[in-house]
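Data from input-v4.txt: compact mmCIF, N, CA and C atoms
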```txt
# COMPACT_ATOMS: atom_id res chain seq x y z
N MET A 1 28.79 27.34 -6.08
CA MET A 1 27.46 27.50 -5.50
C MET A 1 26.89 26.11 -5.21
N SER A 2 26.28 25.92 -4.05
CA SER A 2 25.76 24.61 -3.68
C SER A 2 24.33 24.45 -4.18
N ASP A 3 23.96 23.20 -4.40
CA ASP A 3 22.64 22.84 -4.89
C ASP A 3 21.65 22.84 -3.71
N PRO A 4 20.48 23.50 -3.85
CA PRO A 4 19.50 23.51 -2.76
C PRO A 4 19.01 22.11 -2.39
N ALA A 5 18.94 21.20 -3.37
CA ALA A 5 18.51 19.83 -3.09
C ALA A 5 19.51 19.14 -2.16
N ASP A 6 20.81 19.40 -2.37
CA ASP A 6 21.83 18.83 -1.49
C ASP A 6 21.69 19.38 -0.07
N ALA A 7 21.37 20.66 0.05
CA ALA A 7 21.19 21.28 1.36
C ALA A 7 20.00 20.65 2.08
N ASP A 8 18.90 20.39 1.34
CA ASP A 8 17.73 19.74 1.93
C ASP A 8 18.06 18.33 2.39
N ARG A 9 18.83 17.60 1.58
CA ARG A 9 19.22 16.24 1.96
C ARG A 9 20.07 16.27 3.23
N ASP A 10 21.01 17.19 3.27
CA ASP A 10 21.88 17.30 4.44
C ASP A 10 21.08 17.70 5.67
N ARG A 11 20.13 18.61 5.49
CA ARG A 11 19.28 19.05 6.62
C ARG A 11 18.45 17.88 7.14
N LEU A 12 17.88 17.10 6.21
CA LEU A 12 17.07 15.96 6.62
C LEU A 12 17.91 14.94 7.37
N THR A 13 19.10 14.66 6.87
CA THR A 13 19.98 13.71 7.55
C THR A 13 20.35 14.20 8.94
N THR A 14 20.65 15.48 9.07
CA THR A 14 20.98 16.06 10.38
C THR A 14 19.79 15.94 11.33
N LEU A 15 18.59 16.24 10.83
CA LEU A 15 17.39 16.14 11.67
C LEU A 15 17.11 14.69 12.06
N LEU A 16 17.30 13.76 11.13
CA LEU A 16 17.07 12.35 11.43
C LEU A 16 18.01 11.86 12.53
N ARG A 17 19.25 12.27 12.46
CA ARG A 17 20.22 11.86 13.49
C ARG A 17 19.88 12.48 14.84
N ALA A 18 19.38 13.72 14.82
CA ALA A 18 18.96 14.36 16.07
C ALA A 18 17.75 13.63 16.64
N TRP A 19 16.84 13.22 15.77
CA TRP A 19 15.67 12.46 16.20
C TRP A 19 16.11 11.15 16.85
N SER A 20 17.08 10.49 16.25
CA SER A 20 17.60 9.24 16.81
C SER A 20 18.19 9.45 18.20
N SER A 21 18.69 10.64 18.43
CA SER A 21 19.29 10.96 19.73
C SER A 21 18.25 11.38 20.76
N GLY A 22 16.97 11.35 20.36
CA GLY A 22 15.91 11.65 21.31
C GLY A 22 15.34 13.05 21.24
N ASP A 23 15.71 13.81 20.23
CA ASP A 23 15.22 15.18 20.08
C ASP A 23 13.82 15.17 19.46
N GLY A 24 12.81 15.41 20.28
CA GLY A 24 11.43 15.40 19.81
C GLY A 24 11.15 16.50 18.81
N ALA A 25 11.78 17.64 18.99
CA ALA A 25 11.59 18.75 18.05
C ALA A 25 12.13 18.38 16.67
N ALA A 26 13.21 17.60 16.64
CA ALA A 26 13.77 17.15 15.36
C ALA A 26 12.79 16.21 14.67
N ALA A 27 12.12 15.34 15.44
CA ALA A 27 11.11 14.44 14.87
C ALA A 27 10.00 15.24 14.23
N ASP A 28 9.53 16.28 14.91
CA ASP A 28 8.49 17.14 14.35
C ASP A 28 8.97 17.83 13.08
N ALA A 29 10.22 18.29 13.10
CA ALA A 29 10.77 18.97 11.93
C ALA A 29 10.90 18.01 10.74
N VAL A 30 11.33 16.77 11.02
CA VAL A 30 11.44 15.77 9.95
C VAL A 30 10.07 15.54 9.32
N LEU A 31 9.07 15.32 10.16
CA LEU A 31 7.74 15.02 9.65
C LEU A 31 7.16 16.21 8.89
N ALA A 32 7.41 17.42 9.35
CA ALA A 32 6.95 18.60 8.63
C ALA A 32 7.63 18.70 7.27
N LEU A 33 8.89 18.32 7.23
CA LEU A 33 9.68 18.41 6.01
C LEU A 33 9.26 17.36 4.98
N VAL A 34 8.89 16.17 5.42
CA VAL A 34 8.65 15.06 4.49
C VAL A 34 7.19 14.65 4.34
N TYR A 35 6.27 15.25 5.11
CA TYR A 35 4.89 14.77 5.09
C TYR A 35 4.27 14.81 3.68
N GLY A 36 4.49 15.87 2.97
CA GLY A 36 3.95 15.96 1.60
C GLY A 36 4.46 14.83 0.72
N ARG A 37 5.72 14.54 0.85
CA ARG A 37 6.32 13.43 0.09
C ARG A 37 5.73 12.09 0.53
N LEU A 38 5.52 11.90 1.83
CA LEU A 38 4.92 10.66 2.32
C LEU A 38 3.52 10.47 1.75
N ARG A 39 2.77 11.56 1.68
CA ARG A 39 1.42 11.48 1.14
C ARG A 39 1.45 11.14 -0.34
N GLN A 40 2.40 11.69 -1.08
CA GLN A 40 2.55 11.36 -2.51
C GLN A 40 2.89 9.88 -2.68
N LEU A 41 3.81 9.39 -1.86
CA LEU A 41 4.18 7.98 -1.92
C LEU A 41 2.98 7.09 -1.60
N ALA A 42 2.19 7.51 -0.61
CA ALA A 42 0.99 6.76 -0.22
C ALA A 42 -0.01 6.71 -1.36
N ALA A 43 -0.20 7.83 -2.03
CA ALA A 43 -1.13 7.88 -3.16
C ALA A 43 -0.68 6.94 -4.27
N ARG A 44 0.61 6.93 -4.56
CA ARG A 44 1.13 6.04 -5.60
C ARG A 44 0.96 4.58 -5.23
N ARG A 45 1.27 4.26 -3.97
CA ARG A 45 1.14 2.87 -3.50
C ARG A 45 -0.30 2.40 -3.55
N LEU A 46 -1.22 3.25 -3.12
CA LEU A 46 -2.63 2.89 -3.12
C LEU A 46 -3.15 2.71 -4.54
N HIS A 47 -2.70 3.57 -5.44
CA HIS A 47 -3.11 3.44 -6.84
C HIS A 47 -2.61 2.12 -7.43
N ALA A 48 -1.38 1.78 -7.11
CA ALA A 48 -0.79 0.53 -7.61
C ALA A 48 -1.46 -0.69 -6.98
N ALA A 49 -1.82 -0.58 -5.70
CA ALA A 49 -2.42 -1.72 -4.99
C ALA A 49 -3.83 -1.96 -5.48
N GLY A 50 -4.60 -0.92 -5.70
CA GLY A 50 -5.97 -1.05 -6.17
C GLY A 50 -6.84 -1.85 -5.23
N GLY A 51 -8.05 -1.42 -5.04
CA GLY A 51 -9.01 -2.19 -4.25
C GLY A 51 -8.86 -2.08 -2.75
N ILE A 52 -7.94 -1.28 -2.27
CA ILE A 52 -7.78 -1.12 -0.82
C ILE A 52 -8.54 0.14 -0.42
N ALA A 53 -9.47 -0.03 0.51
CA ALA A 53 -10.33 1.07 0.95
C ALA A 53 -9.59 1.95 1.95
N LEU A 54 -8.72 2.78 1.45
CA LEU A 54 -7.92 3.66 2.28
C LEU A 54 -7.57 4.89 1.46
N GLN A 55 -7.56 6.04 2.08
CA GLN A 55 -7.18 7.28 1.41
C GLN A 55 -5.68 7.53 1.64
N PRO A 56 -5.02 8.24 0.73
CA PRO A 56 -3.59 8.52 0.90
C PRO A 56 -3.28 9.21 2.24
N THR A 57 -4.13 10.12 2.66
CA THR A 57 -3.90 10.81 3.93
C THR A 57 -3.98 9.83 5.09
N GLU A 58 -4.92 8.88 5.04
CA GLU A 58 -5.04 7.89 6.10
C GLU A 58 -3.78 7.03 6.18
N LEU A 59 -3.29 6.60 5.01
CA LEU A 59 -2.09 5.78 4.97
C LEU A 59 -0.88 6.57 5.47
N ALA A 60 -0.76 7.81 5.04
CA ALA A 60 0.36 8.64 5.49
C ALA A 60 0.31 8.87 6.99
N ASN A 61 -0.89 9.12 7.53
CA ASN A 61 -1.03 9.34 8.97
C ASN A 61 -0.70 8.08 9.77
N GLU A 62 -1.17 6.94 9.29
CA GLU A 62 -0.84 5.67 9.96
C GLU A 62 0.67 5.44 9.94
N LEU A 63 1.28 5.76 8.83
CA LEU A 63 2.73 5.62 8.69
C LEU A 63 3.45 6.53 9.69
N VAL A 64 3.00 7.76 9.81
CA VAL A 64 3.62 8.71 10.75
C VAL A 64 3.51 8.18 12.18
N LEU A 65 2.34 7.67 12.54
CA LEU A 65 2.18 7.12 13.89
C LEU A 65 3.15 5.96 14.13
N ASN A 66 3.30 5.10 13.12
CA ASN A 66 4.25 3.98 13.25
C ASN A 66 5.68 4.49 13.39
N LEU A 67 6.03 5.50 12.63
CA LEU A 67 7.39 6.04 12.70
C LEU A 67 7.66 6.67 14.06
N LEU A 68 6.67 7.35 14.60
CA LEU A 68 6.85 7.99 15.90
C LEU A 68 7.00 6.96 17.02
N ASP A 69 6.35 5.81 16.86
CA ASP A 69 6.45 4.75 17.87
C ASP A 69 7.74 3.95 17.77
N ALA A 70 8.33 3.94 16.59
CA ALA A 70 9.52 3.12 16.35
C ALA A 70 10.76 3.79 16.94
N GLU A 71 11.64 2.97 17.45
CA GLU A 71 12.93 3.48 17.92
C GLU A 71 13.97 3.03 16.90
N VAL A 72 14.30 3.94 16.00
CA VAL A 72 15.20 3.63 14.90
C VAL A 72 16.42 4.54 15.00
N ASP A 73 17.57 3.97 14.74
CA ASP A 73 18.80 4.75 14.67
C ASP A 73 18.97 5.18 13.21
N TRP A 74 18.34 6.30 12.88
CA TRP A 74 18.35 6.76 11.49
C TRP A 74 19.77 7.07 11.04
N GLN A 75 20.13 6.52 9.88
CA GLN A 75 21.46 6.74 9.33
C GLN A 75 21.49 7.96 8.42
N ASP A 76 20.54 8.02 7.51
CA ASP A 76 20.49 9.10 6.54
C ASP A 76 19.12 9.10 5.86
N ARG A 77 18.99 9.97 4.88
CA ARG A 77 17.75 10.13 4.14
C ARG A 77 17.34 8.84 3.45
N ALA A 78 18.28 8.16 2.81
CA ALA A 78 17.98 6.92 2.09
C ALA A 78 17.46 5.85 3.05
N HIS A 79 18.09 5.73 4.22
CA HIS A 79 17.65 4.76 5.23
C HIS A 79 16.21 5.07 5.66
N PHE A 80 15.91 6.35 5.85
CA PHE A 80 14.58 6.76 6.25
C PHE A 80 13.54 6.34 5.21
N PHE A 81 13.79 6.64 3.94
CA PHE A 81 12.80 6.34 2.91
C PHE A 81 12.71 4.84 2.61
N ARG A 82 13.79 4.10 2.81
CA ARG A 82 13.68 2.62 2.69
C ARG A 82 12.79 2.08 3.80
N THR A 83 12.97 2.60 5.00
CA THR A 83 12.15 2.18 6.13
C THR A 83 10.69 2.56 5.90
N VAL A 84 10.46 3.74 5.37
CA VAL A 84 9.11 4.19 5.04
C VAL A 84 8.46 3.24 4.04
N ALA A 85 9.20 2.83 3.02
CA ALA A 85 8.65 1.93 2.00
C ALA A 85 8.23 0.59 2.61
N VAL A 86 9.07 0.05 3.47
CA VAL A 86 8.75 -1.23 4.12
C VAL A 86 7.54 -1.08 5.05
N ALA A 87 7.53 -0.01 5.83
CA ALA A 87 6.42 0.22 6.76
C ALA A 87 5.11 0.41 6.01
N MET A 88 5.16 1.14 4.91
CA MET A 88 3.96 1.36 4.11
C MET A 88 3.45 0.05 3.53
N ARG A 89 4.35 -0.76 3.04
CA ARG A 89 3.95 -2.07 2.50
C ARG A 89 3.31 -2.93 3.59
N ASN A 90 3.88 -2.92 4.79
CA ASN A 90 3.32 -3.70 5.90
C ASN A 90 1.93 -3.21 6.29
N ILE A 91 1.73 -1.90 6.31
CA ILE A 91 0.41 -1.35 6.63
C ILE A 91 -0.60 -1.80 5.58
N LEU A 92 -0.23 -1.71 4.32
CA LEU A 92 -1.15 -2.11 3.25
C LEU A 92 -1.47 -3.60 3.32
N HIS A 93 -0.49 -4.42 3.66
CA HIS A 93 -0.75 -5.85 3.82
C HIS A 93 -1.73 -6.10 4.95
N ASP A 94 -1.56 -5.40 6.06
CA ASP A 94 -2.46 -5.56 7.20
C ASP A 94 -3.88 -5.14 6.83
N VAL A 95 -4.02 -4.03 6.14
CA VAL A 95 -5.35 -3.56 5.73
C VAL A 95 -6.00 -4.56 4.77
N ALA A 96 -5.23 -5.04 3.80
CA ALA A 96 -5.76 -6.01 2.84
C ALA A 96 -6.17 -7.30 3.54
N ARG A 97 -5.38 -7.73 4.51
CA ARG A 97 -5.70 -8.94 5.27
C ARG A 97 -7.00 -8.76 6.04
N ARG A 98 -7.17 -7.60 6.68
CA ARG A 98 -8.41 -7.33 7.42
C ARG A 98 -9.61 -7.29 6.48
N GLN A 99 -9.45 -6.65 5.34
CA GLN A 99 -10.55 -6.57 4.37
C GLN A 99 -10.92 -7.96 3.86
N ALA A 100 -9.93 -8.79 3.60
CA ALA A 100 -10.21 -10.15 3.13
C ALA A 100 -10.89 -10.96 4.22
N SER A 101 -10.51 -10.73 5.46
CA SER A 101 -11.12 -11.44 6.58
C SER A 101 -12.60 -11.10 6.68
N VAL A 102 -12.93 -9.84 6.58
CA VAL A 102 -14.32 -9.40 6.65
C VAL A 102 -15.10 -9.98 5.47
N LYS A 103 -14.48 -9.98 4.32
CA LYS A 103 -15.13 -10.49 3.11
C LYS A 103 -15.49 -11.97 3.27
N ARG A 104 -14.69 -12.69 4.03
CA ARG A 104 -14.91 -14.13 4.21
C ARG A 104 -15.55 -14.46 5.57
N GLY A 105 -16.28 -13.51 6.11
CA GLY A 105 -17.01 -13.78 7.34
C GLY A 105 -16.24 -13.50 8.61
N GLY A 106 -15.11 -12.83 8.52
CA GLY A 106 -14.28 -12.56 9.69
C GLY A 106 -14.90 -11.57 10.66
N ASP A 107 -15.95 -10.87 10.21
CA ASP A 107 -16.59 -9.91 11.10
C ASP A 107 -17.79 -10.50 11.84
N GLN A 108 -18.04 -11.78 11.62
CA GLN A 108 -19.16 -12.43 12.31
C GLN A 108 -18.82 -12.65 13.77
N ARG A 109 -19.85 -12.65 14.57
CA ARG A 109 -19.66 -12.83 16.00
C ARG A 109 -19.37 -14.29 16.31
N ARG A 110 -18.37 -14.52 17.11
CA ARG A 110 -17.99 -15.87 17.49
C ARG A 110 -18.78 -16.29 18.72
N VAL A 111 -19.31 -17.50 18.70
CA VAL A 111 -20.09 -18.01 19.82
C VAL A 111 -19.50 -19.35 20.24
N THR A 112 -19.30 -19.51 21.54
CA THR A 112 -18.77 -20.78 22.04
C THR A 112 -19.89 -21.82 22.06
N PHE A 113 -19.52 -23.07 22.12
CA PHE A 113 -20.52 -24.14 22.18
C PHE A 113 -21.37 -24.02 23.44
N ASP A 114 -20.75 -23.64 24.54
CA ASP A 114 -21.50 -23.49 25.80
C ASP A 114 -22.58 -22.42 25.65
N ALA A 115 -22.22 -21.31 25.06
CA ALA A 115 -23.21 -20.22 24.88
C ALA A 115 -24.31 -20.65 23.92
N ALA A 116 -23.96 -21.36 22.87
CA ALA A 116 -24.96 -21.83 21.90
C ALA A 116 -25.89 -22.84 22.54
N GLU A 117 -25.33 -23.70 23.36
CA GLU A 117 -26.14 -24.72 24.05
C GLU A 117 -27.13 -24.06 25.00
N ALA A 118 -26.69 -23.04 25.72
CA ALA A 118 -27.57 -22.34 26.66
C ALA A 118 -28.74 -21.69 25.94
N VAL A 119 -28.47 -21.12 24.76
CA VAL A 119 -29.53 -20.48 23.98
C VAL A 119 -30.48 -21.53 23.43
N ALA A 120 -29.95 -22.66 22.97
CA ALA A 120 -30.78 -23.71 22.39
C ALA A 120 -31.68 -24.35 23.43
N LEU A 121 -31.25 -24.42 24.69
CA LEU A 121 -32.05 -25.03 25.74
C LEU A 121 -33.17 -24.13 26.21
N ASP A 122 -33.08 -22.83 25.99
CA ASP A 122 -34.12 -21.90 26.45
C ASP A 122 -35.38 -22.01 25.69
```
Please re-express this file's structure in structure tokens.
Amino acid sequence: MSDPADADRDRLTTLLRAWSSGDGAAADAVLALVYGRLRQLAARRLHAAGGIALQPTELANELVLNLLDAEVDWQDRAHFFRTVAVAMRNILHDVARRQASVKRGGDQRRVTFDAAEAVALD
């Protein structure tokens, strides 16, 4: 008798390879199959990162958008989840960088010297 977990792994690998071949329906099936797991991973990452103003669903959705935009030749389930881990880390780094920028005045409006001079002369 075969293990259901092995069947799921094989199904995911088959779907990933179909996605790599351009099958949009396979991409949808992969995401439907793994979305809950992606959200769990996002929740764990956010908990470990601490201080990042992002919800697990937001991180998972951003990750899905990145995956859909990427053209990857998926090898198997392990390759997919390694790629997910790297992409998630990159998203979190980008968010942290933006938050740090705002904290240090990065959200202030930039004014050129010419514009400042025009205002000062009025």
| Near A:Thr83, within 12 Å and counting only C-alpha atoms, which residues show up once chain neighbours fewer than 4 positions away are dropped, as a PyMOL selection string? | chain A and resi 38+63-64+66-67+70-79+87-90
Test item: axis-aligned box, all listed atoms of stretch 18-36 of chain A, 3 Å on each side, centre and edges in Å rounded to one decimal, as JSON:
```
{"center_x": 11.7, "center_y": 14.1, "center_z": 11.0, "size_x": 21.4, "size_y": 15.7, "size_z": 26.6}
```
| message | Among chain A, which residues does DSSP mark as alpha helix (DSSP H) when it is run on the backbone? Keep the chain and numbering as in the structure and answer as an MDAnalysis selection string. | response | chainID A and resid 4:20 24:49 56:69 77:103 113:121
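Coordinates place atom CA of A:Val30 at a distance of 17.5 Å from atom CA of A:Leu59.
Residues within 6.5 Å of A:Ala42, counting only N, CA and C atoms and excluding same-chain residues fewer than 6 positions away, are Gln55, Pro56, Leu59 and Ala60 of chain A.
Residue nearest A:Leu33 within the list A:Ala18, A:Leu46, A:Arg82, A:Leu12: A:Leu12 [criterion: smallest interatomic distance, all atoms listed in the file].
Atom C of A:Arg11 is positioned 11.2 Å from atom CA of A:Ala27.
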| field | Two-atom distance - atom N of A:Ala43, atom C of A:Val95 (Å) | value | 15.3 Å
